[in-house]
$ cat protein.cif   # mmCIF, C-alpha atoms (C1' of nucleotides)
data_work
loop_
_atom_site.label_atom_id
_atom_site.label_comp_id
_atom_site.auth_asym_id
_atom_site.auth_seq_id
_atom_site.Cartn_x
_atom_site.Cartn_y
_atom_site.Cartn_z
CA MET I 1 -18.53 -12.28 25.71
CA THR I 2 -16.88 -15.55 24.80
CA THR I 3 -14.25 -16.00 27.53
CA GLU I 4 -11.64 -14.07 25.54
CA ARG I 5 -8.94 -16.58 26.47
CA ALA I 6 -10.13 -19.92 25.18
CA TYR I 7 -6.65 -20.52 23.85
CA HIS I 8 -6.79 -21.50 20.28
CA HIS I 9 -8.71 -18.29 20.70
CA GLY I 10 -12.25 -19.54 20.20
CA ASP I 11 -12.85 -17.98 16.82
CA LEU I 12 -9.77 -16.28 15.51
CA ARG I 13 -11.08 -16.15 11.99
CA ARG I 14 -14.00 -13.94 12.88
CA ALA I 15 -11.92 -11.87 15.28
CA ILE I 16 -9.47 -11.05 12.52
CA LEU I 17 -12.22 -10.34 10.01
CA ALA I 18 -13.88 -7.98 12.46
CA ALA I 19 -10.65 -6.13 13.20
CA ALA I 20 -9.88 -5.94 9.49
CA LEU I 21 -13.26 -4.38 8.77
CA ASP I 22 -12.63 -1.77 11.46
CA VAL I 23 -9.25 -0.83 10.05
CA ILE I 24 -10.43 -0.73 6.46
CA ALA I 25 -13.47 1.37 7.28
CA ALA I 26 -11.28 3.84 9.14
CA GLU I 27 -8.16 4.03 7.00
CA GLY I 28 -8.74 2.03 3.84
CA PRO I 29 -7.46 -1.37 2.74
CA THR I 30 -3.95 -0.04 2.19
CA ALA I 31 -3.47 0.66 5.87
CA LEU I 32 -4.32 -2.92 6.74
CA SER I 33 -1.46 -4.91 8.27
CA LEU I 34 -1.71 -8.61 9.01
CA ARG I 35 0.69 -8.28 11.90
CA ASP I 36 -1.40 -5.50 13.37
CA LEU I 37 -4.51 -7.63 13.16
CA ALA I 38 -2.66 -10.44 14.90
CA ARG I 39 -1.63 -8.04 17.64
CA ARG I 40 -5.20 -6.86 18.15
CA ALA I 41 -6.39 -10.44 18.46
CA GLY I 42 -3.58 -11.21 20.88
CA VAL I 43 -2.02 -13.93 18.76
CA SER I 44 1.33 -14.36 17.09
CA HIS I 45 2.16 -12.58 13.87
CA ALA I 46 1.77 -15.65 11.66
CA ALA I 47 -1.52 -16.86 13.07
CA PRO I 48 -3.74 -15.13 10.49
CA ALA I 49 -1.97 -16.95 7.67
CA HIS I 50 -3.47 -20.25 8.71
CA HIS I 51 -6.99 -18.93 8.17
CA PHE I 52 -6.48 -16.73 5.13
CA LYS I 53 -3.21 -17.86 3.59
CA ASP I 54 -2.10 -14.29 2.84
CA ARG I 55 -3.23 -10.72 2.52
CA ALA I 56 -5.10 -11.32 -0.72
CA GLY I 57 -6.83 -14.27 0.89
CA LEU I 58 -8.13 -12.16 3.74
CA LEU I 59 -9.39 -9.43 1.43
CA THR I 60 -10.97 -11.98 -0.87
CA ALA I 61 -12.85 -13.46 2.09
CA ILE I 62 -14.13 -9.99 2.91
CA ALA I 63 -15.21 -9.41 -0.68
CA VAL I 64 -17.07 -12.72 -0.77
CA GLU I 65 -18.87 -11.84 2.45
CA GLY I 66 -19.63 -8.42 0.98
CA TYR I 67 -21.19 -9.82 -2.16
CA GLY I 68 -23.35 -12.07 -0.02
CA LEU I 69 -24.53 -9.17 2.10
CA LEU I 70 -25.20 -7.03 -0.95
CA ALA I 71 -27.21 -9.76 -2.66
CA ALA I 72 -29.31 -10.18 0.46
CA THR I 73 -29.87 -6.44 0.64
CA LEU I 74 -30.83 -6.02 -3.01
CA GLN I 75 -33.27 -8.87 -2.80
CA LYS I 76 -35.50 -6.72 -0.64
CA ALA I 77 -35.84 -3.96 -3.23
CA GLU I 78 -39.38 -3.41 -4.48
CA SER I 79 -38.72 -1.01 -7.33
CA LEU I 80 -35.92 0.24 -9.51
CA ARG I 81 -35.37 3.29 -7.40
CA ASP I 82 -35.53 1.27 -4.22
CA LEU I 83 -32.85 -0.93 -5.69
CA GLY I 84 -30.54 2.04 -6.00
CA LEU I 85 -31.39 3.16 -2.52
CA GLN I 86 -30.58 -0.25 -1.09
CA TYR I 87 -27.27 -0.20 -2.95
CA VAL I 88 -26.35 3.13 -1.42
CA ARG I 89 -27.53 2.00 1.98
CA PHE I 90 -25.36 -1.08 1.76
CA ALA I 91 -22.29 0.98 0.90
CA ALA I 92 -22.94 3.29 3.84
CA ALA I 93 -23.58 0.44 6.26
CA HIS I 94 -20.67 -1.72 5.12
CA PRO I 95 -18.03 0.66 3.79
CA ALA I 96 -15.16 -1.77 4.28
CA HIS I 97 -16.83 -4.56 2.35
CA PHE I 98 -17.87 -2.15 -0.37
CA GLN I 99 -14.40 -0.75 -0.91
CA VAL I 100 -12.73 -4.13 -1.04
CA MET I 101 -15.28 -5.57 -3.46
CA PHE I 102 -14.30 -3.00 -6.06
CA ARG I 103 -10.51 -3.26 -5.80
CA PRO I 104 -9.77 -6.25 -8.00
CA GLU I 105 -6.03 -5.76 -7.69
CA LEU I 106 -6.23 -6.64 -4.00
CA LEU I 107 -8.12 -9.91 -4.51
CA ARG I 108 -7.38 -13.39 -5.74
CA PRO I 109 -8.80 -12.89 -9.22
CA ASP I 110 -9.95 -16.46 -9.85
CA ASP I 111 -11.03 -17.56 -6.41
CA PRO I 112 -14.07 -19.77 -7.06
CA GLU I 113 -16.06 -18.50 -4.10
CA LEU I 114 -15.44 -14.93 -5.16
CA LEU I 115 -16.49 -15.58 -8.74
CA ALA I 116 -19.62 -17.37 -7.61
CA ALA I 117 -20.64 -14.71 -5.10
CA ARG I 118 -20.03 -11.93 -7.59
CA GLU I 119 -21.99 -13.72 -10.28
CA ARG I 120 -24.88 -14.33 -7.96
CA THR I 121 -25.06 -10.68 -7.00
CA ARG I 122 -24.86 -9.58 -10.59
CA ASN I 123 -27.74 -11.80 -11.55
CA GLN I 124 -29.70 -10.25 -8.72
CA LEU I 125 -29.02 -6.85 -10.21
CA HIS I 126 -29.86 -7.92 -13.75
CA THR I 127 -33.22 -9.46 -12.94
CA ALA I 128 -34.12 -6.50 -10.76
CA VAL I 129 -33.45 -4.01 -13.56
CA GLU I 130 -34.98 -6.19 -16.22
CA GLY I 131 -38.25 -4.85 -17.52
CA TYR I 132 -37.41 -1.23 -16.88
CA SER I 133 -35.48 -0.83 -20.09
CA ASP I 134 -35.60 -1.78 -23.76
CA ASP I 135 -31.90 -2.58 -23.77
CA PRO I 136 -31.23 -4.54 -20.57
CA ALA I 137 -27.46 -4.10 -20.67
CA ILE I 138 -27.79 -0.33 -20.99
CA GLY I 139 -30.42 -0.28 -18.28
CA VAL I 140 -28.19 -2.14 -15.87
CA MET I 141 -25.26 0.13 -16.64
CA ALA I 142 -27.40 3.21 -16.11
CA ALA I 143 -28.83 2.14 -12.77
CA TRP I 144 -25.58 0.68 -11.54
CA SER I 145 -23.52 3.73 -12.55
CA MET I 146 -25.92 6.05 -10.79
CA ALA I 147 -25.99 4.13 -7.51
CA HIS I 148 -22.32 3.18 -7.59
CA GLY I 149 -21.15 6.67 -8.38
CA PHE I 150 -23.19 8.16 -5.58
CA ALA I 151 -22.01 5.53 -3.13
CA THR I 152 -18.37 5.93 -4.12
CA LEU I 153 -18.41 9.70 -3.96
CA LEU I 154 -20.22 9.53 -0.65
CA LEU I 155 -17.67 7.22 0.96
CA SER I 156 -14.74 9.24 -0.33
CA HIS I 157 -16.29 12.34 1.25
CA ASN I 158 -16.68 14.07 -2.08
CA LEU I 159 -20.32 14.89 -1.44
CA ASP I 160 -19.82 16.43 1.99
CA GLY I 161 -19.99 19.96 0.68
CA LEU I 162 -22.94 19.26 -1.59
CA LEU I 163 -25.02 17.39 0.96
CA ASP I 164 -24.62 20.20 3.43
CA GLY I 165 -26.02 18.23 6.31
CA ARG I 166 -28.75 16.60 4.28
CA ASP I 167 -29.38 12.89 4.75
CA PRO I 168 -27.55 10.98 2.00
CA GLU I 169 -30.37 8.54 1.34
CA GLU I 170 -32.88 11.33 1.03
CA ALA I 171 -30.55 13.19 -1.30
CA PHE I 172 -30.21 10.12 -3.45
CA LEU I 173 -33.98 9.94 -3.83
CA SER I 174 -34.21 13.61 -4.78
CA LEU I 175 -31.47 12.99 -7.25
CA THR I 176 -33.29 10.19 -9.02
CA ASN I 177 -36.40 12.36 -9.18
CA GLU I 178 -34.31 15.05 -10.76
CA MET I 179 -33.07 12.67 -13.42
CA PHE I 180 -36.41 11.27 -14.37
CA GLN I 181 -38.17 14.58 -14.63
CA SER I 182 -35.36 16.32 -16.46
CA ALA I 183 -36.50 14.73 -19.71
CA LYS I 184 -38.38 17.96 -20.37
CA ASN I 185 -35.18 19.97 -20.15
CA PRO I 186 -32.87 20.04 -23.16
CA ALA I 187 -30.33 17.89 -21.41
CA THR I 188 -28.72 16.81 -24.61
CA GLY I 189 -27.55 20.38 -25.16
CA MET Z 1 16.11 11.15 -26.20
CA THR Z 2 17.81 13.30 -23.63
CA THR Z 3 21.25 11.68 -23.24
CA GLU Z 4 20.01 9.33 -20.51
CA ARG Z 5 23.11 10.02 -18.41
CA ALA Z 6 23.12 13.72 -17.71
CA TYR Z 7 23.99 12.94 -14.11
CA HIS Z 8 21.75 14.81 -11.85
CA HIS Z 9 19.58 13.02 -14.36
CA GLY Z 10 18.19 15.94 -16.31
CA ASP Z 11 14.65 15.80 -15.03
CA LEU Z 12 14.27 13.14 -12.39
CA ARG Z 13 11.01 14.54 -11.16
CA ARG Z 14 9.20 13.95 -14.43
CA ALA Z 15 10.89 10.60 -14.97
CA ILE Z 16 9.59 9.36 -11.64
CA LEU Z 17 6.14 10.77 -12.24
CA ALA Z 18 5.97 9.04 -15.60
CA ALA Z 19 7.09 5.71 -14.19
CA ALA Z 20 4.65 6.07 -11.32
CA LEU Z 21 1.76 6.63 -13.73
CA ASP Z 22 2.72 3.50 -15.63
CA VAL Z 23 2.80 1.36 -12.52
CA ILE Z 24 -0.44 2.75 -11.12
CA ALA Z 25 -2.30 2.33 -14.38
CA ALA Z 26 -1.14 -1.27 -14.58
CA GLU Z 27 -1.36 -2.45 -10.98
CA GLY Z 28 -2.96 0.27 -8.91
CA PRO Z 29 -1.47 2.72 -6.42
CA THR Z 30 -0.89 0.00 -3.83
CA ALA Z 31 1.68 -1.73 -5.99
CA LEU Z 32 3.71 1.45 -6.26
CA SER Z 33 7.15 1.32 -4.64
CA LEU Z 34 9.41 4.33 -4.35
CA ARG Z 35 12.48 2.12 -4.53
CA ASP Z 36 11.22 0.49 -7.68
CA LEU Z 37 10.68 3.88 -9.29
CA ALA Z 38 14.21 4.86 -8.33
CA ARG Z 39 15.51 1.68 -9.92
CA ARG Z 40 13.65 2.37 -13.14
CA ALA Z 41 15.09 5.87 -13.30
CA GLY Z 42 18.57 4.51 -12.59
CA VAL Z 43 19.08 6.51 -9.40
CA SER Z 44 19.63 5.57 -5.78
CA HIS Z 45 16.76 4.45 -3.60
CA ALA Z 46 16.47 7.69 -1.70
CA ALA Z 47 16.57 10.03 -4.68
CA PRO Z 48 12.78 10.36 -5.10
CA ALA Z 49 12.44 11.62 -1.56
CA HIS Z 50 14.13 14.87 -2.45
CA HIS Z 51 11.46 15.69 -5.02
CA PHE Z 52 8.36 14.37 -3.31
CA LYS Z 53 9.31 14.04 0.36
CA ASP Z 54 7.52 10.70 0.70
CA ARG Z 55 4.97 8.39 -0.83
CA ALA Z 56 2.03 10.62 0.01
CA GLY Z 57 3.88 13.54 -1.52
CA LEU Z 58 4.31 11.75 -4.82
CA LEU Z 59 0.68 10.68 -4.97
CA THR Z 60 -0.46 14.16 -4.02
CA ALA Z 61 1.56 15.59 -6.89
CA ILE Z 62 -0.16 13.15 -9.24
CA ALA Z 63 -3.57 14.11 -7.89
CA VAL Z 64 -2.86 17.80 -8.36
CA GLU Z 65 -1.79 17.18 -11.94
CA GLY Z 66 -4.92 15.10 -12.44
CA TYR Z 67 -7.24 17.81 -11.21
CA GLY Z 68 -5.57 20.23 -13.59
CA LEU Z 69 -6.00 17.89 -16.54
CA LEU Z 70 -9.62 17.20 -15.63
CA ALA Z 71 -10.44 20.88 -15.32
CA ALA Z 72 -8.94 21.53 -18.73
CA THR Z 73 -10.94 18.67 -20.21
CA LEU Z 74 -14.26 19.69 -18.66
CA GLN Z 75 -13.81 23.22 -19.85
CA LYS Z 76 -14.35 22.04 -23.40
CA ALA Z 77 -17.77 20.54 -22.69
CA GLU Z 78 -20.61 22.16 -24.62
CA SER Z 79 -23.57 20.52 -22.96
CA LEU Z 80 -24.50 18.63 -19.83
CA ARG Z 81 -24.23 15.30 -21.53
CA ASP Z 82 -20.97 16.26 -23.17
CA LEU Z 83 -19.70 17.12 -19.72
CA GLY Z 84 -20.33 13.59 -18.58
CA LEU Z 85 -18.76 12.22 -21.70
CA GLN Z 86 -15.62 14.28 -21.16
CA TYR Z 87 -15.46 13.05 -17.58
CA VAL Z 88 -15.58 9.45 -18.71
CA ARG Z 89 -13.08 10.12 -21.45
CA PHE Z 90 -10.68 11.65 -18.95
CA ALA Z 91 -10.90 8.62 -16.68
CA ALA Z 92 -10.21 6.30 -19.59
CA ALA Z 93 -7.32 8.40 -20.89
CA HIS Z 94 -5.71 9.02 -17.50
CA PRO Z 95 -6.64 6.04 -15.33
CA ALA Z 96 -3.73 6.51 -12.93
CA HIS Z 97 -4.54 10.15 -12.22
CA PHE Z 98 -8.20 9.32 -11.86
CA GLN Z 99 -7.69 6.57 -9.34
CA VAL Z 100 -5.32 8.58 -7.19
CA MET Z 101 -7.56 11.65 -7.16
CA PHE Z 102 -10.29 9.67 -5.43
CA ARG Z 103 -8.23 7.92 -2.77
CA PRO Z 104 -7.99 10.58 -0.09
CA GLU Z 105 -6.29 8.21 2.35
CA LEU Z 106 -3.23 8.13 0.07
CA LEU Z 107 -2.85 11.91 -0.15
CA ARG Z 108 -1.67 14.73 2.05
CA PRO Z 109 -5.12 15.90 3.09
CA ASP Z 110 -4.33 19.58 3.55
CA ASP Z 111 -1.78 20.19 0.85
CA PRO Z 112 -2.56 23.71 -0.39
CA GLU Z 113 -1.94 22.92 -4.04
CA LEU Z 114 -4.22 19.91 -3.83
CA LEU Z 115 -7.00 21.85 -2.15
CA ALA Z 116 -6.73 24.64 -4.72
CA ALA Z 117 -6.72 22.33 -7.73
CA ARG Z 118 -9.64 20.33 -6.39
CA GLU Z 119 -11.61 23.45 -5.65
CA ARG Z 120 -10.96 24.83 -9.11
CA THR Z 121 -12.17 21.65 -10.77
CA ARG Z 122 -15.27 21.53 -8.60
CA ASN Z 123 -16.19 25.04 -9.55
CA GLN Z 124 -15.80 24.05 -13.17
CA LEU Z 125 -18.29 21.25 -12.56
CA HIS Z 126 -20.71 23.45 -10.67
CA THR Z 127 -20.91 26.19 -13.24
CA ALA Z 128 -21.24 23.65 -16.04
CA VAL Z 129 -24.20 21.94 -14.40
CA GLU Z 130 -25.78 25.17 -13.28
CA GLY Z 131 -28.93 26.00 -15.19
CA TYR Z 132 -29.89 22.43 -15.86
CA SER Z 133 -31.52 21.94 -12.51
CA ASP Z 134 -33.79 23.69 -10.01
CA ASP Z 135 -31.67 22.52 -7.13
CA PRO Z 136 -28.03 23.01 -8.18
CA ALA Z 137 -26.57 20.77 -5.49
CA ILE Z 138 -28.84 17.90 -6.45
CA GLY Z 139 -28.11 18.49 -10.12
CA VAL Z 140 -24.37 18.33 -9.56
CA MET Z 141 -24.69 15.18 -7.50
CA ALA Z 142 -26.84 13.56 -10.18
CA ALA Z 143 -24.54 14.32 -13.08
CA TRP Z 144 -21.40 13.60 -11.10
CA SER Z 145 -22.70 10.30 -9.73
CA MET Z 146 -23.68 9.14 -13.18
CA ALA Z 147 -20.37 9.94 -14.83
CA HIS Z 148 -18.24 8.93 -11.86
CA GLY Z 149 -20.02 5.64 -11.38
CA PHE Z 150 -19.67 4.73 -15.02
CA ALA Z 151 -16.00 5.71 -15.06
CA THR Z 152 -15.22 3.81 -11.87
CA LEU Z 153 -17.01 0.65 -12.94
CA LEU Z 154 -15.35 0.87 -16.33
CA LEU Z 155 -11.83 1.12 -14.91
CA SER Z 156 -12.43 -1.72 -12.45
CA HIS Z 157 -13.54 -3.90 -15.36
CA ASN Z 158 -17.02 -4.30 -13.95
CA LEU Z 159 -18.65 -3.33 -17.23
CA ASP Z 160 -16.69 -5.71 -19.42
CA GLY Z 161 -19.48 -8.24 -19.59
CA LEU Z 162 -22.16 -5.61 -20.13
CA LEU Z 163 -20.34 -3.65 -22.79
CA ASP Z 164 -19.76 -6.80 -24.77
CA GLY Z 165 -17.32 -5.18 -27.16
CA ARG Z 166 -19.26 -1.95 -27.45
CA ASP Z 167 -17.35 1.33 -27.28
CA PRO Z 168 -17.55 2.67 -23.71
CA GLU Z 169 -18.13 6.27 -24.74
CA GLU Z 170 -20.93 5.29 -27.08
CA ALA Z 171 -22.47 3.15 -24.36
CA PHE Z 172 -22.35 6.08 -21.98
CA LEU Z 173 -24.29 8.20 -24.42
CA SER Z 174 -26.94 5.51 -24.90
CA LEU Z 175 -27.13 5.27 -21.17
CA THR Z 176 -27.88 8.94 -20.67
CA ASN Z 177 -30.53 8.74 -23.38
CA GLU Z 178 -32.07 5.85 -21.52
CA MET Z 179 -32.24 7.85 -18.32
CA PHE Z 180 -33.82 10.92 -19.79
CA GLN Z 181 -36.49 9.13 -21.70
CA SER Z 182 -37.37 6.73 -18.93
CA ALA Z 183 -39.50 9.38 -17.29
CA LYS Z 184 -42.48 7.81 -18.97
CA ASN Z 185 -41.80 4.49 -17.26
CA PRO Z 186 -42.95 4.08 -13.67
CA ALA Z 187 -39.43 4.18 -12.34
CA THR Z 188 -40.55 5.04 -8.87
CA GLY Z 189 -42.16 1.63 -8.60
"C1'" DC Y 1 -5.34 -43.54 26.14
"C1'" DG Y 2 -2.95 -42.21 22.10
"C1'" DT Y 3 -2.78 -40.82 17.50
"C1'" DA Y 4 -3.96 -37.52 13.82
"C1'" DC Y 5 -5.31 -33.03 12.84
"C1'" DA Y 6 -6.22 -28.18 13.18
"C1'" DT Y 7 -4.45 -24.33 15.30
"C1'" DC Y 8 -0.99 -21.39 16.87
"C1'" DT Y 9 4.22 -19.96 17.84
"C1'" DT Y 10 8.93 -19.04 16.81
"C1'" DG Y 11 12.43 -17.77 13.86
"C1'" DA Y 12 14.16 -16.20 9.62
"C1'" DC Y 13 14.56 -13.55 5.16
"C1'" DA Y 14 13.93 -10.13 1.61
"C1'" DA Y 15 11.64 -5.83 0.55
"C1'" DT Y 16 10.01 -1.38 1.74
"C1'" DG Y 17 9.43 3.62 3.62
"C1'" DA Y 18 11.74 6.87 6.02
"C1'" DC Y 19 15.62 9.18 8.15
"C1'" DT Y 20 20.54 10.94 8.53
"C1'" DA Y 21 24.87 12.24 6.94
"C1'" DG Y 22 27.78 12.96 3.32
"C1'" DA Y 23 29.23 13.47 -1.66
"C1'" DT Y 24 28.77 15.75 -6.19
"C1'" DT Y 25 27.09 19.05 -9.40
"C1'" DG Y 26 26.03 23.41 -11.20
"C1'" DC Y 27 24.72 28.21 -10.50
"C1'" DG Y 28 25.13 32.94 -8.88
"C1'" DC Y 29 28.04 36.49 -7.12
"C1'" DT Y 30 32.02 39.14 -6.60
"C1'" DA E 1 38.05 33.14 -13.19
"C1'" DG E 2 37.18 31.48 -8.74
"C1'" DC E 3 34.48 30.82 -4.55
"C1'" DG E 4 30.66 29.54 -1.95
"C1'" DC E 5 26.21 27.73 -1.59
"C1'" DA E 6 22.13 25.42 -2.54
"C1'" DA E 7 20.09 21.79 -5.12
"C1'" DT E 8 20.50 17.20 -6.24
"C1'" DC E 9 21.82 12.66 -5.55
"C1'" DT E 10 24.30 8.60 -2.82
"C1'" DA E 11 25.21 5.44 0.95
"C1'" DG E 12 24.04 3.50 5.16
"C1'" DT E 13 20.78 2.43 8.72
"C1'" DC E 14 16.43 1.20 11.25
"C1'" DA E 15 11.81 -0.34 12.16
"C1'" DT E 16 8.03 -2.62 9.92
"C1'" DT E 17 5.90 -5.77 6.94
"C1'" DG E 18 4.52 -10.15 4.16
"C1'" DT E 19 5.69 -14.67 3.58
"C1'" DC E 20 7.68 -19.06 4.39
"C1'" DA E 21 9.41 -23.18 7.05
"C1'" DA E 22 9.52 -25.91 11.34
"C1'" DG E 23 8.05 -26.89 15.49
"C1'" DA E 24 4.92 -26.72 19.67
"C1'" DT E 25 0.27 -27.13 21.65
"C1'" DG E 26 -4.28 -28.09 22.25
"C1'" DT E 27 -8.50 -30.88 20.49
"C1'" DA E 28 -11.20 -34.50 18.75
"C1'" DC E 29 -11.87 -39.02 17.69
"C1'" DG E 30 -10.70 -43.91 17.37
#
$ encode --input "protein.cif" --output "structure tokens"
Amino acid sequence: MTTERAYHHGDLRRAILAAALDVIAAEGPTALSLRDLARRAGVSHAAPAHHFKDRAGLLTAIAVEGYGLLAATLQKAESLRDLGLQYVRFAAAHPAHFQVMFRPELLRPDDPELLAARERTRNQLHTAVEGYSDDPAIGVMAAWSMAHGFATLLLSHNLDGLLDGRDPEEAFLSLTNEMFQSAKNPATG
Amino acid sequence: MTTERAYHHGDLRRAILAAALDVIAAEGPTALSLRDLARRAGVSHAAPAHHFKDRAGLLTAIAVEGYGLLAATLQKAESLRDLGLQYVRFAAAHPAHFQVMFRPELLRPDDPELLAARERTRNQLHTAVEGYSDDPAIGVMAAWSMAHGFATLLLSHNLDGLLDGRDPEEAFLSLTNEMFQSAKNPATG
DNA sequence: CGTACATCTTGACAATGACTAGATTGCGCT
DNA sequence: AGCGCAATCTAGTCATTGTCAAGATGTACG
């Protein structure tokens, strides 16, 4: 532990980020209160403002960090399906980051760091999907929709009944199998 | 128009719901303020409370309405792919309902009407997917993830660059084609 | 040692959600 | 027709929050 009472708090920025991630993961970004975070860190109510300017600033910082983490995660993928799996794994491991990243109305829309981080992650996704599809844009949308939909539904507890105790990652793999082999079925109706 | 000054307002409940949908569609559920809605309807700040109890009550009412609309829409689907298309179309046509439906932290979690409406819509989905898959649960998750991911990414403007002016519904159809024919590709890496 | 800077505190203000008590309207019942 | 009652809306209040401005405090660097 880092002395806890260094005055000037040692690293308030990280302390607030950590507390924010806890709150968001538990109750969503809406429940997040700057004053509450300050209380948890044992500082005055206006202290967070110096590090993040305002609420949007804090959430933008979280989104930037999230895009960085996601890019690093996706980089490890060795196949198209693995890419999806890593995406889902990221969402499950970092639910707070994931939620914030996809709530544009909570972020500073033209923050340069945010734009850069988002762009970098998107390129990661594009190059990873490239080669698996004739139309790259459609391919990216297909893979992304699949993984993102599963992740979103998972985090919002909409799959609880369907998973029925099954491991989410395993279910996601079964699910991609299902899709790729269902070409024989008359899926187009 | 309905006289605008009926005192006791004629139908305050619907007026507030309508205004709420506008705000949510434009700026998300977080930006919604009960007092602002009251102002728009020309009533006192506490008037909405009588119809919806509180913020969660209002949002829950919207979610219930949304599940009803979605169920009605899905009922018209004539194939598995059409089901997905209808799902996407619903999200695009009713973005406010759609967003609220999938933010459990904003809703009264055990509201009986909400639980009933949600259950009814899920059954709709289950029976529609049934028969297209060996493992029904996996089939539902696959179809739902696909459609839900596309809809979510679309509404959060994450597909803007990829669509590149293309019609979203058309793109979704191309995307499902892509998935079903990609069985020949070594998608499993 | 002292000056400049980052960090944090204190105080204030407007806005909001929620609650209570009270006013007004309209409907059913006799 | 008239009375009472419930539904609907108003007015006032309180705690909480985000944000801003000014000032205090500790730190680093000359």
$ resolve_selection --input "protein.cif" --expression "the PyMOL selection byres ((chain I) within 12 of (chain E))" --output "PDB file with C-alpha atoms, in the frame of the given file"
ATOM      1  CA  ALA I   6     -10.130 -19.920  25.180  1.00  0.00           C
ATOM      2  CA  TYR I   7      -6.650 -20.520  23.850  1.00  0.00           C
ATOM      3  CA  HIS I   8      -6.790 -21.500  20.280  1.00  0.00           C
ATOM      4  CA  HIS I   9      -8.710 -18.290  20.700  1.00  0.00           C
ATOM      5  CA  GLY I  10     -12.250 -19.540  20.200  1.00  0.00           C
ATOM      6  CA  ALA I  31      -3.470   0.660   5.870  1.00  0.00           C
ATOM      7  CA  LEU I  32      -4.320  -2.920   6.740  1.00  0.00           C
ATOM      8  CA  SER I  33      -1.460  -4.910   8.270  1.00  0.00           C
ATOM      9  CA  LEU I  34      -1.710  -8.610   9.010  1.00  0.00           C
ATOM     10  CA  ARG I  35       0.690  -8.280  11.900  1.00  0.00           C
ATOM     11  CA  ASP I  36      -1.400  -5.500  13.370  1.00  0.00           C
ATOM     12  CA  HIS I  45       2.160 -12.580  13.870  1.00  0.00           C
ATOM     13  CA  ALA I  46       1.770 -15.650  11.660  1.00  0.00           C
ATOM     14  CA  PRO I  48      -3.740 -15.130  10.490  1.00  0.00           C
ATOM     15  CA  ALA I  49      -1.970 -16.950   7.670  1.00  0.00           C
ATOM     16  CA  HIS I  50      -3.470 -20.250   8.710  1.00  0.00           C
ATOM     17  CA  LYS I  53      -3.210 -17.860   3.590  1.00  0.00           C
ATOM     18  CA  ASP I  54      -2.100 -14.290   2.840  1.00  0.00           C
ATOM     19  CA  ARG I  55      -3.230 -10.720   2.520  1.00  0.00           C
ATOM     20  CA  ALA I  56      -5.100 -11.320  -0.720  1.00  0.00           C
TER      21      ALA I  56
END
$ resolve_selection --input "protein.cif" --expression "the PyMOL selection byres ((chain I and resi 14-21) around 7)" --output "PDB file with C-alpha atoms, in the coordinates of the input"
ATOM      1  CA  ASP I  11     -12.850 -17.980  16.820  1.00  0.00           C
ATOM      2  CA  LEU I  12      -9.770 -16.280  15.510  1.00  0.00           C
ATOM      3  CA  ARG I  13     -11.080 -16.150  11.990  1.00  0.00           C
ATOM      4  CA  ASP I  22     -12.630  -1.770  11.460  1.00  0.00           C
ATOM      5  CA  VAL I  23      -9.250  -0.830  10.050  1.00  0.00           C
ATOM      6  CA  ILE I  24     -10.430  -0.730   6.460  1.00  0.00           C
ATOM      7  CA  ALA I  25     -13.470   1.370   7.280  1.00  0.00           C
ATOM      8  CA  LEU I  32      -4.320  -2.920   6.740  1.00  0.00           C
ATOM      9  CA  LEU I  37      -4.510  -7.630  13.160  1.00  0.00           C
ATOM     10  CA  ALA I  41      -6.390 -10.440  18.460  1.00  0.00           C
ATOM     11  CA  ALA I  96     -15.160  -1.770   4.280  1.00  0.00           C
TER      12      ALA I  96
END
$ resolve_selection --input "protein.cif" --expression "the PyMOL selection byres ((chain Z) within 8 of (chain I))" --output "PyMOL selection string"
chain Z and resi 27-28+30+78-82+102-105+132-133+137-139+141-142+144-150+152-153+156+159+162-163+171+174-176+178-183+185+187-189
$ residues_around --input "protein.cif" --residues "Pro112 of chain I" --least-positions-apart "6" --cutoff "12 Å" --atoms "only C-alpha atoms (C1' of nucleotides)" --output "PDB file with C-alpha atoms, in the coordinates of the input"
ATOM      1  CA  THR I  60     -10.970 -11.980  -0.870  1.00  0.00           C
ATOM      2  CA  ALA I  61     -12.850 -13.460   2.090  1.00  0.00           C
ATOM      3  CA  VAL I  64     -17.070 -12.720  -0.770  1.00  0.00           C
ATOM      4  CA  ARG I 118     -20.030 -11.930  -7.590  1.00  0.00           C
ATOM      5  CA  GLU I 119     -21.990 -13.720 -10.280  1.00  0.00           C
TER       6      GLU I 119
END
$ atom_distance --input "protein.cif" --atom1 "atom CA of Ala116 of chain I" --atom2 "atom CA of Ala92 of chain I"
23.9 Å
$ atom_distance --input "protein.cif" --atom1 "atom CA of Leu70 of chain I" --atom2 "atom CA of Tyr87 of chain I"
7.4 Å
$ closest_atom_pairs --input "protein.cif" --of "chain Y" --to "chain I" --cutoff "8 Å" --atoms "all atoms listed in the file" --output "Markdown table"
| residue | atom | partner | partner_atom | distance |
| --- | --- | --- | --- | --- |
| Y:DT7 | C1' | I:His8 | CA | 6.2 |
| Y:DC8 | C1' | I:Ala47 | CA | 5.9 |
| Y:DT9 | C1' | I:Ser44 | CA | 6.3 |
$ atom_distance --input "protein.cif" --atom1 "atom CA of Gly84 of chain Z" --atom2 "atom CA of Arg120 of chain Z"
17.4 Å
